[in-house]
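Visitor: Quick one: this structure, given as C-alpha cells, is what I'll be asking you about.
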Amino acid sequence: MTKKIKPAFKEYFGQPRASIFLHTNKSAYVNGEHIWFKGYLYNRLKGVPLKEPVNLYVGVYDNNGDQLAKHLFICKEGYAEGQIEIDSTFKHGQYYMKATTSWMRNFEEDDSFVQQFAVVGEEILSSKKNERIGFDVQFFPEGGHWVSDVQSVLGIKALDEQGKSVAGLKGVIRNQKGEEITSFRTNRFGLSKVTMVPSAGEKYSAFINLKNGEVKRFSLPLADKLGFTLSVRSLKSGRAMILIGTNAETKKQIGSKPYSILIHRDGLLKSLNVVFEKEELYVSHILDKSEFHDGMNIVTLIDDQGEPIAERLHFNENGTKKVELTAFVEKVEKDSLVISISGFEKEKSSSISVSVLPKETKAYKQNANIQSSFLLRPYVRGFVENSRYYFDDAIKTRKTDLDLLLLTQGWSKYSWENIFKKPPQKKYDFRTGVDLFGQINSEIPKNTDLLFYAGKNTDPTLIYLNEESTSFKLKNYLINKGEELKLTLLNKRGILSRPNLFIRVNTGETEDKVYNLEPFNIVEELTNLGPIQENDLRDFVFPENIVNLDEVVVSENRSGKRITTPFVSEGNLRVVTEETEGLYPRLLDIIRSNGYNVWEMPNTGYDRIRITTKRVVSFSAVQPSPILYIDDVRYADFNVLIDFPTTRVKSYYIDRSGFMEAGGAGGVIRVYTRKEGDVGAASPNMSKPDDKFFTHVLKRGFTPKKQYYTPKYKSMMNDSFRHFGTIHWSPNLSINKNGVGKLKILDTGLKEISLFIEGISENGYLYSAKTTVQVSANQ
C-alpha cells in the first residue's frame with residue numbers, strides 16, 4: 001500500500017494548490033455603480049497567502065454561464081484589487097463572476113472562484129417569487145457504503161425541483177412490514193441523518209409528511225451483502241472517533257489482509273492500521289485534534305492493494321483561532337466619521353478589506369466568505385448552500401450542521417483515479433504580465449537596434465536585432481489597457497527612425513464558461529425580501545457627467561461650458577493654462593498656493609494627505625479641512641490627490657470661506673478634469689504623431705485600478721439607498737501593531753451602518769465578520 005500511495009500523492013500534490021476568494025463590496029448593483037473587489041489567493045498546503053505574483057483573470061458571465069467580458073488584474077503577495085463598471089450593457093438580472101489564474105489550468109480540479117451578483121431595477125424587483133413545486137429526497141450512506149448487519153449512518157438530503165434545500169420536513173423510516181425503525185427532521189439546509197442496522201434483503205422506505213397532510217414515499221437503497229462502513233464521530237472531549245465496521249461474512253473473506261486508514265489533505269498524509277480482533281466486527285481509533293490536520297481532513301479506508309474503499313470528510317477546527325472584531329465611531333470630523341476596528345492579531349501584518357453599507361442593506365447576500373472559500377469549498381464536490389454559515393461563531397449549531405453537510409457530501413473532490421493515473425502536467429506557469437510579439441516588416445539597417453517604451457512610467461528597453469531576425473518577443477510586461485507602446489529604430493550614431501511594425505499582445509486570457517451553475521438564485525433572494533416601491537430605483541445613481549441641481553439636471557454641452565452648483569458660475573472657474581502647469585506641476589501645489597496647509601505622508605495607510613485651512617476659525621479648536629469635489633463627486637479624504645498632476649485638471653474653483661456649503665468651515669475645493677479628447681495646456685502637440693516612433697495603443701492589458709469614490713446618489717435618505725446604496729469601500733485597511741484599524745468614511749446621516757470585513761494575516765489567520773456600528777450616539 002505504502003509503495004503505491006506515497007509516490008502517487010507526492011506526484012499529484014507536488015505543485016502548490018491555490019484557492020481564490022473575491023470580497024466584493026456588494027452582491028446587488030444598480031446601473032452606474034461599480035463592483036469593487038479585493039482578491040485573496042491562498043496557498044492551501046502552507047495555509048498562508050500565495051506569495052508568487054500572478055495574473056488574475058476576472059470574468060463576467062450571464063445567467064446561463066456564458067462569458068460576457070474578461071478583465072485582467074495583477075496579484076502580488078497574495079492580493080489583488082480592482083473594479084468592474086456596471087454600465088448600460090448590463091441588463092437587469094442575475095450574473096456570475098469567476099476569478100481564476102493560468103496556473104490553475106494545470107490541475108484536473110477547478111479551483112476557480114465563482115460568485116453570483118445581480119443588477120437590479122424596478123422590473124426585477126417587482127417580479128414574482130418562483131413557486132417551489134415538488135421535491136426529491138436523496139440518501140447518502142456515511143463513507144459511501146450501506147452494509148447489511150452493520151450499524152450505519154445514513155445521510156438524508158431534501159431538495160426541491162430547482163435543487164434548493166427543503167427545511168423542516170418530518171419523516172419516518174419503515175421496513176417492508178410497515179414497522180417504524182426511526183424518524184428524522186431536516187435542518188435549515190434540508191439535511192438530516194439516521195443511525196440503524198439494515199438487514200440483508202430488506203427494503204426500507206422513508207415516508208415524508210407534507211404540510212397539506214399528504215404523505216410521500218421514497219425508497220432507501222438496498223444494503224450491500226459485503227463491505228465496510230466508515231464513520232467519523234465527534235466526541236464531547238474535543239476528540240473524534242474513526243469507526244470501521246463490517247459483517248461476519250466480509251470479515252471471513254478478508255482474513256488477515258492489512259487494511260489502512262489514510263488521513264490526508266493537499267498532499268499531507270497520515271495513516272493508521274485497521275486490525276480486526278478475533279470475534280470483533282468493529283475497529284475504532286480515538287484521536288486528539290492534534291492528530292488530525294488543521295482544517296479539512298479526508299479520511300479514506302484503503303484495502304491491502306492500496307485501493308480506496310470508503311471515504312468521509314471531517315473538519316478539524318484546531319488551528320482556526322477565534323477572535324471577535326469590534327468597531328465604533330472614534331470621532332466625527334465635519335462630514336466624515338473615523339471608525340476604529342479592533343481585534344486583529346497584534347504585531348502581525350494583515351490584509352483586510354471592508355465594505356460599509358447601511359444597516360438595512362439588502363445588497364449583501366454573498367454565499368461564501370474567505371473561510372468557506374479556503375477551508376471548505378476546495379474539498380467538496382457539490383454546491384454548498386450558504387457556505388459562510390458554517391464559520392459563523394454566533395450560530396450554536398454550526399459545527400453539527402457542518403459535520404452533517406460533510407457526511408452527505410460523500411467522497412471528496414479529488415478523484416482517486418486521477419491521483420493514481422493523471423498527475424498534473426506543468427503546462428502553465430505563474431504567469432505575470434502580458435507578452436508582446438512583434439514583426440518588423442521592413443529591412444533592418446546594419447548596427448541598428450529597437451528601442452521600446454512600454455507606457456509612460458517605464459524605462460526604455462533595448463531590443464538587439466540582426467539582419468536575419470525580423471521578429472521579437474517581450475515577456476511579462478505590466479501594461480494597462482489604453483496605454484501607448486512606442487518603438488523606434490536606433491542606430492550606432494544615436495539617430496532614431498520609425499520602424500514598420502506589426503504588434504500582437506497575448507494576455508493569457510481564454511474564453512470560458514461557468515459550467516456547474518449554482519441552484520442559489522440571488523434575484524429570487526432579493527424579491528423575497530419584501531416589496532420595493534415602483535420607480536424607487538429610477539435615477540438612483542446619476543451619470544458621472546450629469547450634476548443634479550434642485551429639480552434640474554444640466555449636462556456638459558458641446559462648447560465645454562459646465563454649470564455645477566448654484567454657487568459656482570462659469571466665470572468663477574479658473575482654467576488651467578500652460579503657465580499654470582509650469583508653476584504648479586501637481587494639484588496639491590495649486591491648493592497649497594491658495595491658502596491651505598498641505599501635509600504629505602505617503603507611507604501611512606490612513607490619511608496619507610492632510611489639508612487644513614490657514615484661516616483662523618473662532619469656533620473650532622482645530623483648523624478644519626476643506627470639502628473636496630472632483631467632477632462633482634465628493635470625497636471623504638484627500639488620498640485621491642496623491643500624484644494627481646495638474647495636466648489632468650481642466651478648471652478648478654477654490655472657496656476658502658465655504659459660504660453656503662454645509663460643513664464647509666474649511667472651505668470648498670471643486671476640481672474638473674479633462675474629458676476624453678481634451679488637449680493638455682502645456683502639450684498642444686500631443687495629438688500629433690511623432691514620425692520617429694511607431695505607436696500602438698493597447699486594447700488588451702491590465703484593467704487600471706481606480707481610487708474608490710461614492711456614486712452620486714439621488715438621495716441618501718430614502719429606502720432605496722438604505723436597501724441598495726454604498727457608503728464606503730476600503731480594500732486595504734491599515735492595521736497598527738496593537739491590532740487596531742482606522743477607517744475614515746463619509747457621514748451619510750444614517751444612525752446605524754454595517755461593516756462587512758474579510759481578510760487574512762501573514763501567518764494565515766482568516767478574518768470574516770459583520771459588525772454593526774451605532775453612529776447617532778457618537779455625534
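Letters A, B, ... mark the chains of the C-alpha cells in the order given; residue numbers begin at 1 per chain; ligand numbers begin at 1, in order shown.
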If you count only C-alpha atoms, which residues fall within 8 Å of Ser351 (chain A), apart from same-chain ones fewer than 2 positions away, as number ranges by chain?
Guide: A: 349, 353, 732-733, 759-762
Visitor: Between CA of Ile286 (chain A) and CA of Phe315 (chain A), what is the distance in Å, rounded to a tenth?
Guide: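 Taking CA of Ile286 (chain A) as the start and CA of Phe315 (chain A) as the end point, the length is 15.2 Å.
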Visitor: So which residues touch Pro585 (chain A) within 8 Å, counting only C-alpha atoms, skipping near sequence neighbours fewer than 4 positions away, as JSON, numbers by chain?
Guide: {"A": [580, 581, 589, 645, 646, 647]}
Visitor: Calculate how many Å separate CA of Leu755 (chain A) from CA of Asn25 (chain A), rounding to one decimal.
Guide: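 We find that CA of Leu755 (chain A) and CA of Asn25 (chain A) lie 10.1 Å from each other.
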Visitor: For region 417-424 of chain A, please output as a PyMOL selection string all residues within 7 Å (counting only C-alpha atoms; exclusion window: fewer than 6 positions along the same chain).
Guide: chain A and resi 8-9+11-12+106-107
Visitor: What separation in Å, quoted to one decimal, exists between CA of Leu50 (chain A) and CA of Lys76 (chain A)?
Guide: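 Taking CA of Leu50 (chain A) and CA of Lys76 (chain A), their separation equals 8.4 Å.
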Visitor: Set the distance at 10 Å and use only C-alpha atoms: which residues neighbour Ile352 (chain A) once local chain neighbours fewer than 2 positions away are removed? I'd like the list as a ChimeraX atom specification.
Guide: /A:23,38,40,344,349-350,354,730-735,741,757-761,766-768
Visitor: Can you write out as JSON lines which residues of region 283-385 of chain A fall within 10 Å of region 41-49 of chain A, alongside each residue's closest atom pair and its distance in Å to one decimal, counting only C-alpha atoms and ordering rows by chain and ascending residue number?
Guide:
```
{"residue": "A:Asp294", "atom": "CA", "partner": "A:Gly47", "partner_atom": "CA", "distance": 9.4}
{"residue": "A:Gly295", "atom": "CA", "partner": "A:Gly47", "partner_atom": "CA", "distance": 9.6}
{"residue": "A:Ser351", "atom": "CA", "partner": "A:Pro49", "partner_atom": "CA", "distance": 9.7}
{"residue": "A:Ile370", "atom": "CA", "partner": "A:Tyr42", "partner_atom": "CA", "distance": 9.8}
{"residue": "A:Ser373", "atom": "CA", "partner": "A:Tyr42", "partner_atom": "CA", "distance": 9.6}
{"residue": "A:Phe374", "atom": "CA", "partner": "A:Tyr42", "partner_atom": "CA", "distance": 7.0}
{"residue": "A:Leu375", "atom": "CA", "partner": "A:Arg44", "partner_atom": "CA", "distance": 8.3}
{"residue": "A:Pro378", "atom": "CA", "partner": "A:Arg44", "partner_atom": "CA", "distance": 9.2}
```
Visitor: Just to be explicit: take each residue in the selection above, keep all heavy atoms, and write the result as a JSON list (two decimals), in the first residue's frame.
Guide:
```json
[["chain", "number", "residue", "atom", "x", "y", "z"],
["A", 294, "ASP", "N", -4.91, 20.38, 10.49],
["A", 294, "ASP", "CA", -5.73, 21.56, 10.73],
["A", 294, "ASP", "C", -6.68, 21.77, 9.55],
["A", 294, "ASP", "O", -6.31, 21.59, 8.39],
["A", 294, "ASP", "CB", -4.86, 22.81, 10.90],
["A", 294, "ASP", "CG", -4.05, 22.78, 12.18],
["A", 294, "ASP", "OD1", -4.35, 21.93, 13.05],
["A", 294, "ASP", "OD2", -3.11, 23.58, 12.30],
["A", 295, "GLY", "N", -7.92, 22.14, 9.85],
["A", 295, "GLY", "CA", -8.89, 22.37, 8.80],
["A", 295, "GLY", "C", -9.47, 21.06, 8.28],
["A", 295, "GLY", "O", -9.79, 20.14, 9.04],
["A", 351, "SER", "N", -3.87, 41.75, 5.76],
["A", 351, "SER", "CA", -4.50, 42.43, 4.62],
["A", 351, "SER", "C", -6.00, 42.31, 4.80],
["A", 351, "SER", "O", -6.55, 41.19, 4.80],
["A", 351, "SER", "CB", -4.05, 41.80, 3.30],
["A", 351, "SER", "OG", -4.58, 42.50, 2.21],
["A", 370, "ILE", "N", -14.34, 34.28, 3.12],
["A", 370, "ILE", "CA", -12.96, 33.85, 2.90],
["A", 370, "ILE", "C", -12.68, 32.51, 3.57],
["A", 370, "ILE", "O", -11.91, 31.69, 3.05],
["A", 370, "ILE", "CB", -11.97, 34.94, 3.39],
["A", 370, "ILE", "CG1", -10.56, 34.69, 2.83],
["A", 370, "ILE", "CG2", -11.96, 35.05, 4.91],
["A", 370, "ILE", "CD1", -9.61, 35.84, 3.04],
["A", 373, "SER", "N", -14.33, 29.70, 1.48],
["A", 373, "SER", "CA", -13.66, 29.60, 0.19],
["A", 373, "SER", "C", -12.32, 28.89, 0.28],
["A", 373, "SER", "O", -11.91, 28.21, -0.67],
["A", 373, "SER", "CB", -13.45, 31.00, -0.40],
["A", 373, "SER", "OG", -14.68, 31.64, -0.64],
["A", 374, "PHE", "N", -11.62, 29.04, 1.40],
["A", 374, "PHE", "CA", -10.30, 28.43, 1.53],
["A", 374, "PHE", "C", -10.32, 27.10, 2.29],
["A", 374, "PHE", "O", -9.49, 26.23, 2.05],
["A", 374, "PHE", "CB", -9.36, 29.39, 2.25],
["A", 374, "PHE", "CG", -9.02, 30.63, 1.46],
["A", 374, "PHE", "CD1", -8.41, 31.71, 2.08],
["A", 374, "PHE", "CD2", -9.32, 30.72, 0.10],
["A", 374, "PHE", "CE1", -8.10, 32.86, 1.35],
["A", 374, "PHE", "CE2", -9.02, 31.87, -0.62],
["A", 374, "PHE", "CZ", -8.41, 32.93, 0.01],
["A", 375, "LEU", "N", -11.26, 26.94, 3.22],
["A", 375, "LEU", "CA", -11.23, 25.77, 4.11],
["A", 375, "LEU", "C", -12.27, 24.71, 3.77],
["A", 375, "LEU", "O", -12.13, 23.57, 4.21],
["A", 375, "LEU", "CB", -11.45, 26.23, 5.56],
["A", 375, "LEU", "CG", -10.48, 27.28, 6.09],
["A", 375, "LEU", "CD1", -10.82, 27.63, 7.53],
["A", 375, "LEU", "CD2", -9.04, 26.83, 5.98],
["A", 378, "PRO", "N", -12.80, 23.96, -1.54],
["A", 378, "PRO", "CA", -11.84, 23.22, -2.38],
["A", 378, "PRO", "C", -11.96, 21.70, -2.26],
["A", 378, "PRO", "O", -11.39, 20.98, -3.08],
["A", 378, "PRO", "CB", -10.48, 23.69, -1.86],
["A", 378, "PRO", "CG", -10.72, 24.99, -1.20],
["A", 378, "PRO", "CD", -12.09, 24.86, -0.60]]
```
Visitor: Within 8 Å of Ser199 (chain A), counting only C-alpha atoms, which residues show up once you throw out same-chain ones fewer than 4 positions away? Write them as a list in words, please.
Guide: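 The residues that qualify are Ser148, Asp149 and Ala223 of chain A.
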Visitor: Save the residues we just selected, N, CA, C and O atoms, as a short mmCIF file (atom, residue, chain, number, x, y, z; two decimals), in the first residue's frame?
Guide:
```
data_model
loop_
_atom_site.label_atom_id
_atom_site.label_comp_id
_atom_site.auth_asym_id
_atom_site.auth_seq_id
_atom_site.Cartn_x
_atom_site.Cartn_y
_atom_site.Cartn_z
N SER A 148 -25.26 -4.52 5.15
CA SER A 148 -26.21 -5.26 5.99
C SER A 148 -25.56 -5.74 7.28
O SER A 148 -24.37 -6.11 7.31
N ASP A 149 -26.35 -5.70 8.34
CA ASP A 149 -25.95 -6.18 9.66
C ASP A 149 -24.79 -5.38 10.27
O ASP A 149 -24.08 -5.89 11.14
N ALA A 223 -29.16 -2.53 1.16
CA ALA A 223 -27.87 -2.69 1.84
C ALA A 223 -27.03 -3.72 1.10
O ALA A 223 -27.54 -4.74 0.62
#
```
Visitor: Please give the complete set of residues from region 418-531 of chain A that DSSP, run on the backbone, assigns to alpha helix (DSSP H), formatted as a CSV table (one decimal) with N, CA and C atoms, in the first residue's frame.
Guide:
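Listed below is the output, states-v8.csv:
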```csv
chain,number,residue,atom,x,y,z
A,418,ASN,N,-7.6,9.9,-10.8
A,418,ASN,CA,-6.7,10.9,-11.2
A,418,ASN,C,-5.4,10.9,-10.4
A,419,ILE,N,-5.5,10.6,-9.1
A,419,ILE,CA,-4.4,10.6,-8.2
A,419,ILE,C,-3.4,9.5,-8.7
A,420,PHE,N,-4.0,8.3,-9.1
A,420,PHE,CA,-3.1,7.2,-9.5
A,420,PHE,C,-2.7,7.3,-10.9
A,421,LYS,N,-3.5,7.9,-11.8
A,421,LYS,CA,-3.2,7.8,-13.2
A,421,LYS,C,-3.0,9.1,-14.0
A,522,ILE,N,-29.8,34.6,-6.6
A,522,ILE,CA,-29.7,35.8,-5.9
A,522,ILE,C,-30.9,36.8,-6.2
A,523,VAL,N,-31.4,36.7,-7.4
A,523,VAL,CA,-32.5,37.6,-7.8
A,523,VAL,C,-33.8,37.2,-7.0
A,524,GLU,N,-34.0,35.9,-6.8
A,524,GLU,CA,-35.1,35.4,-6.1
A,524,GLU,C,-35.0,35.8,-4.6
A,525,GLU,N,-33.7,35.7,-4.1
A,525,GLU,CA,-33.5,36.1,-2.7
A,525,GLU,C,-33.9,37.6,-2.5
A,526,LEU,N,-33.5,38.4,-3.5
A,526,LEU,CA,-33.9,39.9,-3.4
A,526,LEU,C,-35.4,40.1,-3.4
A,527,THR,N,-36.1,39.4,-4.3
A,527,THR,CA,-37.5,39.6,-4.4
A,527,THR,C,-38.2,39.1,-3.2
```
Visitor: Just want the 6 Å neighbourhood of region 255-266 of chain A, counted on only C-alpha atoms, with same-chain residues fewer than 5 positions away dropped. Output as a ChimeraX atom specification.
Guide: /A:45,271-274,297-304
